[in-house]
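First comes the structure, then the notes that go with it.
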Amino acid sequence: MAEYLFNEARYNDPEAARQHLESVRWPNGAICPHCGAVDRQHSIQGGRAGLYECGHCREQFTVTVGTVFERSKISLDKWLLAASLMAASKKGISSKQIERMLGVTYKTAWFMTHRLREAMKAPAGVFGTSGSTVEADATYVGGKEKNKHRKQRTKGNIGGKGKECVFSLVERGGNVRSFHIPSINQTNLKPLIQEKINAGEIKLMTDGERPLRALKPMFASHETVNHEAGEYVRGDIHTNTIEGFFSILKRGIVGTFHHVSPQHLQKYVTEFDFRYNHRETTVKIDGKMVKVGHSDAERTTALLKGISGKRLTYRRTNATA
């Protein structure tokens, strides 16, 4: 990991970390997390650094109140370092690695990473813009056939038997949205698309899987490629974009996390969605290759902006998917 992370004051000094987090959450001054007031917020004289009082509701607060950092005994500099490491690692970083780099226990590191994944959740809203092209596909997450029980093995390691299904949609040139579902069929897909996707104004691209072909009436148009017949591209009709996302997801799960339980799979998928949606890429503009999108630092800032309005306790982390 880049050495600059450890040289930044906010990753070594809790006070510098607090000031940085305030600049990210409150660029125009403190906002009361209790009543939402934006004026008459003042520091408490003689109180600890970063303690404010609202002139409207008279409640006291700090920058961590109403965030995933609230009531944490872990110093803010370690929180910010963990956030930066997760944001900068294209294929993810394990809780064991966070444990070693931050000098905390594994239980603490595991809980920190799950809190930060909570902050990575995309804001509520319908996916897809009018007239856009969206690729949809499903992949299966699971172990090697030789490690499975004999009854769950599939010849050639093909299919989803004994594995978990992840259904994703990616807007070309835009964002991705992924869902952990029991299986890929119309019963699971139709309610999901009706609730989450602006389907009536989207051009859909899929492979030839039958459950995906059944979605055709829900979209403005639907084109397919037949992978089983060796067809992968026909003009601008393909699913290469979503396959590229799946390759990053699979390499991360296999190479970094090794094992992800079904209970927490959606959280890990959300993490990969976040990094993809805040990616940095290179495009050709006026004959020159120019970087566009989010740098590692900008991605970390986006993560920190997502901590507001979310709380996650250790008990709830273990109890919910």
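Chain labels A, B, ... are given in the sequence in which chains occur in the structure tokens; within each chain residues are numbered consecutively from 1, and ligands are likewise numbered from 1 in the order shown.
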Closest-contact table, stretch 78-166 of chain A side, partner stretch 182-206 of chain A, 12 Å, counting only C-alpha atoms, as a tab-separated table:
```
residue	atom	partner	partner_atom	distance
A:Ala122	CA	A:Lys196	CA	11.8
A:Pro123	CA	A:Lys196	CA	11.7
A:Ala124	CA	A:Lys196	CA	8.9
A:Gly125	CA	A:Lys196	CA	7.2
A:Val126	CA	A:Lys196	CA	5.1
A:Phe127	CA	A:Ile197	CA	4.7
A:Gly128	CA	A:Asn198	CA	5.7
A:Thr129	CA	A:Asn198	CA	7.1
A:Ser130	CA	A:Glu201	CA	5.0
A:Gly131	CA	A:Ile202	CA	5.4
A:Ser132	CA	A:Ile202	CA	5.4
A:Thr133	CA	A:Lys203	CA	4.7
A:Val134	CA	A:Leu204	CA	5.1
A:Glu135	CA	A:Met205	CA	4.6
A:Ala136	CA	A:Thr206	CA	5.4
A:Asp137	CA	A:Thr206	CA	6.2
A:Ala138	CA	A:Ile184	CA	7.3
A:Thr139	CA	A:Ile184	CA	9.4
A:Tyr140	CA	A:Ser183	CA	9.4
A:Val141	CA	A:Ser183	CA	11.6
A:Gly159	CA	A:Ser183	CA	10.9
A:Gly160	CA	A:Ser183	CA	8.2
A:Lys161	CA	A:Ser183	CA	9.8
A:Gly162	CA	A:Ser183	CA	11.0
A:Lys163	CA	A:Ser183	CA	9.5
A:Glu164	CA	A:Pro182	CA	7.0
A:Cys165	CA	A:Ser183	CA	5.7
A:Val166	CA	A:Ser183	CA	8.3
```
Pick from A:Arg177, A:His264, A:Lys216, A:His278, whichever lies nearest to A:Ile242 using only C-alpha atoms: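 Closest to A:Ile242, using only C-alpha atoms: A:Arg177.
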12 Å contact set for A:Gly230, only C-alpha atoms, chain neighbours under 5 positions out, as number ranges by chain: A: 207-208, 225
Sel. of alpha helix (DSSP H) residues, stretch 67-185 of chain A, as JSON, numbers by chain: {"A": [76, 77, 78, 79, 80, 81, 82, 83, 84, 85, 86, 87, 88, 95, 96, 97, 98, 99, 100, 101, 102, 106, 107, 108, 109, 110, 111, 112, 113, 114, 115, 116, 117, 118, 119]}
Go ahead and save the residues from that selection, with N, CA and C atoms, as an mmCIF file, in the first residue's frame.
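Once written, result-v6.cif looks like this:
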```cif
data_model
loop_
_atom_site.group_PDB
_atom_site.id
_atom_site.type_symbol
_atom_site.label_atom_id
_atom_site.label_comp_id
_atom_site.auth_asym_id
_atom_site.auth_seq_id
_atom_site.Cartn_x
_atom_site.Cartn_y
_atom_site.Cartn_z
ATOM 1 N N LEU A 76 -10.029 8.190 15.735
ATOM 2 C CA LEU A 76 -10.450 8.587 14.388
ATOM 3 C C LEU A 76 -9.349 8.427 13.347
ATOM 4 N N ASP A 77 -8.090 8.582 13.744
ATOM 5 C CA ASP A 77 -7.022 8.422 12.760
ATOM 6 C C ASP A 77 -6.982 6.996 12.216
ATOM 7 N N LYS A 78 -7.299 6.014 13.072
ATOM 8 C CA LYS A 78 -7.346 4.627 12.604
ATOM 9 C C LYS A 78 -8.566 4.390 11.723
ATOM 10 N N TRP A 79 -9.677 5.029 12.051
ATOM 11 C CA TRP A 79 -10.862 4.918 11.207
ATOM 12 C C TRP A 79 -10.575 5.456 9.810
ATOM 13 N N LEU A 80 -9.939 6.621 9.748
ATOM 14 C CA LEU A 80 -9.667 7.232 8.454
ATOM 15 C C LEU A 80 -8.660 6.426 7.645
ATOM 16 N N LEU A 81 -7.689 5.823 8.332
ATOM 17 C CA LEU A 81 -6.718 4.989 7.625
ATOM 18 C C LEU A 81 -7.400 3.741 7.061
ATOM 19 N N ALA A 82 -8.257 3.125 7.863
ATOM 20 C CA ALA A 82 -8.988 1.943 7.382
ATOM 21 C C ALA A 82 -9.863 2.295 6.185
ATOM 22 N N ALA A 83 -10.520 3.458 6.242
ATOM 23 C CA ALA A 83 -11.372 3.894 5.126
ATOM 24 C C ALA A 83 -10.546 4.101 3.864
ATOM 25 N N SER A 84 -9.378 4.701 4.008
ATOM 26 C CA SER A 84 -8.531 4.955 2.853
ATOM 27 C C SER A 84 -8.001 3.657 2.260
ATOM 28 N N LEU A 85 -7.639 2.710 3.107
ATOM 29 C CA LEU A 85 -7.136 1.422 2.623
ATOM 30 C C LEU A 85 -8.220 0.670 1.854
ATOM 31 N N MET A 86 -9.448 0.675 2.381
ATOM 32 C CA MET A 86 -10.542 -0.017 1.700
ATOM 33 C C MET A 86 -10.904 0.670 0.391
ATOM 34 N N ALA A 87 -10.857 1.996 0.374
ATOM 35 C CA ALA A 87 -11.220 2.736 -0.836
ATOM 36 C C ALA A 87 -10.171 2.590 -1.937
ATOM 37 N N ALA A 88 -8.902 2.434 -1.527
ATOM 38 C CA ALA A 88 -7.809 2.403 -2.503
ATOM 39 C C ALA A 88 -7.495 1.005 -3.013
ATOM 40 N N SER A 95 -9.865 -8.185 6.567
ATOM 41 C CA SER A 95 -9.855 -7.723 7.958
ATOM 42 C C SER A 95 -8.564 -8.117 8.653
ATOM 43 N N LYS A 96 -7.974 -9.244 8.262
ATOM 44 C CA LYS A 96 -6.685 -9.651 8.840
ATOM 45 C C LYS A 96 -5.599 -8.657 8.486
ATOM 46 N N GLN A 97 -5.631 -8.137 7.257
ATOM 47 C CA GLN A 97 -4.631 -7.139 6.869
ATOM 48 C C GLN A 97 -4.867 -5.829 7.613
ATOM 49 N N ILE A 98 -6.126 -5.435 7.768
ATOM 50 C CA ILE A 98 -6.443 -4.244 8.560
ATOM 51 C C ILE A 98 -5.959 -4.429 9.993
ATOM 52 N N GLU A 99 -6.157 -5.614 10.547
ATOM 53 C CA GLU A 99 -5.687 -5.917 11.907
ATOM 54 C C GLU A 99 -4.188 -5.679 12.032
ATOM 55 N N ARG A 100 -3.420 -6.164 11.064
ATOM 56 C CA ARG A 100 -1.958 -6.028 11.132
ATOM 57 C C ARG A 100 -1.520 -4.579 10.939
ATOM 58 N N MET A 101 -2.139 -3.874 10.028
ATOM 59 C CA MET A 101 -1.679 -2.527 9.691
ATOM 60 C C MET A 101 -2.096 -1.491 10.722
ATOM 61 N N LEU A 102 -3.238 -1.708 11.383
ATOM 62 C CA LEU A 102 -3.725 -0.739 12.368
ATOM 63 C C LEU A 102 -3.344 -1.104 13.795
ATOM 64 N N TYR A 106 -8.493 -8.699 15.677
ATOM 65 C CA TYR A 106 -9.218 -9.118 14.482
ATOM 66 C C TYR A 106 -10.700 -8.786 14.605
ATOM 67 N N LYS A 107 -11.266 -8.981 15.792
ATOM 68 C CA LYS A 107 -12.677 -8.681 16.000
ATOM 69 C C LYS A 107 -12.959 -7.210 15.722
ATOM 70 N N THR A 108 -12.048 -6.335 16.184
ATOM 71 C CA THR A 108 -12.198 -4.901 15.941
ATOM 72 C C THR A 108 -12.083 -4.591 14.450
ATOM 73 N N ALA A 109 -11.081 -5.180 13.797
ATOM 74 C CA ALA A 109 -10.874 -4.928 12.367
ATOM 75 C C ALA A 109 -12.071 -5.401 11.556
ATOM 76 N N TRP A 110 -12.620 -6.561 11.918
ATOM 77 C CA TRP A 110 -13.769 -7.106 11.199
ATOM 78 C C TRP A 110 -14.970 -6.180 11.332
ATOM 79 N N PHE A 111 -15.191 -5.679 12.536
ATOM 80 C CA PHE A 111 -16.317 -4.775 12.754
ATOM 81 C C PHE A 111 -16.107 -3.448 12.038
ATOM 82 N N MET A 112 -14.871 -2.949 12.017
ATOM 83 C CA MET A 112 -14.573 -1.705 11.309
ATOM 84 C C MET A 112 -14.877 -1.838 9.818
ATOM 85 N N THR A 113 -14.452 -2.931 9.226
ATOM 86 C CA THR A 113 -14.663 -3.090 7.785
ATOM 87 C C THR A 113 -16.157 -3.190 7.454
ATOM 88 N N HIS A 114 -16.915 -3.837 8.338
ATOM 89 C CA HIS A 114 -18.357 -3.927 8.078
ATOM 90 C C HIS A 114 -19.044 -2.572 8.272
ATOM 91 N N ARG A 115 -18.595 -1.792 9.221
ATOM 92 C CA ARG A 115 -19.162 -0.442 9.366
ATOM 93 C C ARG A 115 -18.867 0.394 8.124
ATOM 94 N N LEU A 116 -17.663 0.274 7.604
ATOM 95 C CA LEU A 116 -17.307 1.052 6.423
ATOM 96 C C LEU A 116 -18.072 0.557 5.192
ATOM 97 N N ARG A 117 -18.359 -0.729 5.121
ATOM 98 C CA ARG A 117 -19.195 -1.220 4.027
ATOM 99 C C ARG A 117 -20.608 -0.656 4.141
ATOM 100 N N GLU A 118 -21.074 -0.468 5.363
ATOM 101 C CA GLU A 118 -22.378 0.174 5.560
ATOM 102 C C GLU A 118 -22.360 1.585 4.987
ATOM 103 N N ALA A 119 -21.241 2.290 5.158
ATOM 104 C CA ALA A 119 -21.111 3.646 4.620
ATOM 105 C C ALA A 119 -21.034 3.656 3.101
#
```
What residues in stretch 200-301 of chain A get the DSSP label strand (DSSP E or B)? Please answer as a PDB file with C-alpha atoms, in the first residue's frame.
```pdb
ATOM      1  CA  LYS A 203     -32.135  -0.669 -23.441  1.00  0.00           C
ATOM      2  CA  LEU A 204     -31.212  -4.019 -21.921  1.00  0.00           C
ATOM      3  CA  MET A 205     -28.314  -6.248 -22.992  1.00  0.00           C
ATOM      4  CA  THR A 206     -28.038  -9.822 -21.681  1.00  0.00           C
ATOM      5  CA  SER A 221     -35.679  -2.880 -25.890  1.00  0.00           C
ATOM      6  CA  HIS A 222     -33.796  -6.081 -25.219  1.00  0.00           C
ATOM      7  CA  GLU A 223     -30.895  -7.562 -27.166  1.00  0.00           C
ATOM      8  CA  THR A 224     -29.016 -10.784 -26.419  1.00  0.00           C
ATOM      9  CA  VAL A 233     -20.142  -9.436 -29.553  1.00  0.00           C
ATOM     10  CA  ARG A 234     -22.548  -8.406 -32.320  1.00  0.00           C
ATOM     11  CA  ILE A 237     -24.590  -5.806 -28.451  1.00  0.00           C
ATOM     12  CA  HIS A 238     -22.520  -7.528 -25.733  1.00  0.00           C
ATOM     13  CA  GLU A 280     -10.737   6.217 -12.068  1.00  0.00           C
ATOM     14  CA  THR A 281     -10.252   5.547 -15.755  1.00  0.00           C
ATOM     15  CA  THR A 282      -8.374   6.952 -18.743  1.00  0.00           C
ATOM     16  CA  VAL A 283     -10.128   8.314 -21.826  1.00  0.00           C
ATOM     17  CA  LYS A 284      -8.875   9.878 -25.021  1.00  0.00           C
ATOM     18  CA  ILE A 285      -9.729  13.575 -25.324  1.00  0.00           C
ATOM     19  CA  LYS A 288      -4.538  12.858 -25.422  1.00  0.00           C
ATOM     20  CA  MET A 289      -5.118  10.231 -22.755  1.00  0.00           C
ATOM     21  CA  VAL A 290      -6.700  11.938 -19.739  1.00  0.00           C
ATOM     22  CA  LYS A 291      -7.600  10.470 -16.360  1.00  0.00           C
ATOM     23  CA  VAL A 292     -11.226  10.987 -15.339  1.00  0.00           C
ATOM     24  CA  GLY A 293     -13.295   9.845 -12.404  1.00  0.00           C
TER      25      GLY A 293
END
```
From A:Lys146, A:Ile31, A:Arg40, A:Lys73, residue lying nearest A:Phe61 [only C-alpha atoms]: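 Comparing A:Lys146, A:Ile31, A:Arg40, A:Lys73 against A:Phe61, the winner is A:Ile31.
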Among listed residues A:Ser94, A:Asn226, A:Thr239, A:Asn277, nearest A:Val254 (using only C-alpha atoms): A:Ser94
Fewer than 3 positions away in the same chain doesn't count, so skip those; otherwise give me all residues within 12 Å of A:Glu15, counting only C-alpha atoms, as a PDB file with N, CA and C atoms, in the first residue's frame.
```pdb
ATOM      1  N   ALA A   9      -0.936  13.494   8.274  1.00  0.00           N
ATOM      2  CA  ALA A   9      -1.217  13.732   9.692  1.00  0.00           C
ATOM      3  C   ALA A   9      -2.525  13.100  10.130  1.00  0.00           C
ATOM      4  N   ARG A  10      -3.527  13.131   9.262  1.00  0.00           N
ATOM      5  CA  ARG A  10      -4.842  12.622   9.661  1.00  0.00           C
ATOM      6  C   ARG A  10      -4.856  11.114   9.873  1.00  0.00           C
ATOM      7  N   TYR A  11      -3.805  10.426   9.397  1.00  0.00           N
ATOM      8  CA  TYR A  11      -3.721   8.983   9.616  1.00  0.00           C
ATOM      9  C   TYR A  11      -2.824   8.632  10.805  1.00  0.00           C
ATOM     10  N   ASN A  12      -2.326   9.655  11.487  1.00  0.00           N
ATOM     11  CA  ASN A  12      -1.454   9.422  12.637  1.00  0.00           C
ATOM     12  C   ASN A  12      -1.870  10.195  13.882  1.00  0.00           C
ATOM     13  N   ARG A  18      -9.902  14.351  13.229  1.00  0.00           N
ATOM     14  CA  ARG A  18     -11.185  14.991  13.542  1.00  0.00           C
ATOM     15  C   ARG A  18     -11.400  16.225  12.676  1.00  0.00           C
ATOM     16  N   GLN A  19     -10.376  17.051  12.548  1.00  0.00           N
ATOM     17  CA  GLN A  19     -10.495  18.262  11.750  1.00  0.00           C
ATOM     18  C   GLN A  19     -10.766  17.928  10.280  1.00  0.00           C
ATOM     19  N   HIS A  20     -10.115  16.874   9.790  1.00  0.00           N
ATOM     20  CA  HIS A  20     -10.340  16.481   8.402  1.00  0.00           C
ATOM     21  C   HIS A  20     -11.766  15.972   8.213  1.00  0.00           C
ATOM     22  N   LEU A  21     -12.247  15.152   9.150  1.00  0.00           N
ATOM     23  CA  LEU A  21     -13.606  14.625   9.030  1.00  0.00           C
ATOM     24  C   LEU A  21     -14.635  15.744   9.099  1.00  0.00           C
ATOM     25  N   GLU A  22     -14.391  16.757   9.929  1.00  0.00           N
ATOM     26  CA  GLU A  22     -15.300  17.904   9.991  1.00  0.00           C
ATOM     27  C   GLU A  22     -15.327  18.647   8.668  1.00  0.00           C
ATOM     28  N   ARG A  48     -13.935  19.381  25.604  1.00  0.00           N
ATOM     29  CA  ARG A  48     -12.919  18.707  24.794  1.00  0.00           C
ATOM     30  C   ARG A  48     -13.003  19.195  23.354  1.00  0.00           C
ATOM     31  N   ALA A  49     -11.911  19.066  22.654  1.00  0.00           N
ATOM     32  CA  ALA A  49     -11.844  19.529  21.259  1.00  0.00           C
ATOM     33  C   ALA A  49     -12.879  18.801  20.417  1.00  0.00           C
ATOM     34  N   GLY A  50     -13.608  19.567  19.628  1.00  0.00           N
ATOM     35  CA  GLY A  50     -14.587  18.978  18.733  1.00  0.00           C
ATOM     36  C   GLY A  50     -15.973  18.809  19.322  1.00  0.00           C
ATOM     37  N   VAL A  63     -18.507  15.392  15.660  1.00  0.00           N
ATOM     38  CA  VAL A  63     -18.625  15.074  14.235  1.00  0.00           C
ATOM     39  C   VAL A  63     -18.985  13.611  14.006  1.00  0.00           C
ATOM     40  N   SER A  75      -9.720   5.238  17.765  1.00  0.00           N
ATOM     41  CA  SER A  75      -9.375   6.622  17.451  1.00  0.00           C
ATOM     42  C   SER A  75      -9.681   6.934  15.990  1.00  0.00           C
ATOM     43  N   LEU A  76     -10.029   8.190  15.735  1.00  0.00           N
ATOM     44  CA  LEU A  76     -10.450   8.587  14.388  1.00  0.00           C
ATOM     45  C   LEU A  76      -9.349   8.427  13.347  1.00  0.00           C
ATOM     46  N   ASP A  77      -8.090   8.582  13.744  1.00  0.00           N
ATOM     47  CA  ASP A  77      -7.022   8.422  12.760  1.00  0.00           C
ATOM     48  C   ASP A  77      -6.982   6.996  12.216  1.00  0.00           C
ATOM     49  N   LYS A  78      -7.299   6.014  13.072  1.00  0.00           N
ATOM     50  CA  LYS A  78      -7.346   4.627  12.604  1.00  0.00           C
ATOM     51  C   LYS A  78      -8.566   4.390  11.723  1.00  0.00           C
ATOM     52  N   LEU A  80      -9.939   6.621   9.748  1.00  0.00           N
ATOM     53  CA  LEU A  80      -9.667   7.232   8.454  1.00  0.00           C
ATOM     54  C   LEU A  80      -8.660   6.426   7.645  1.00  0.00           C
TER      55      LEU A  80
END
```
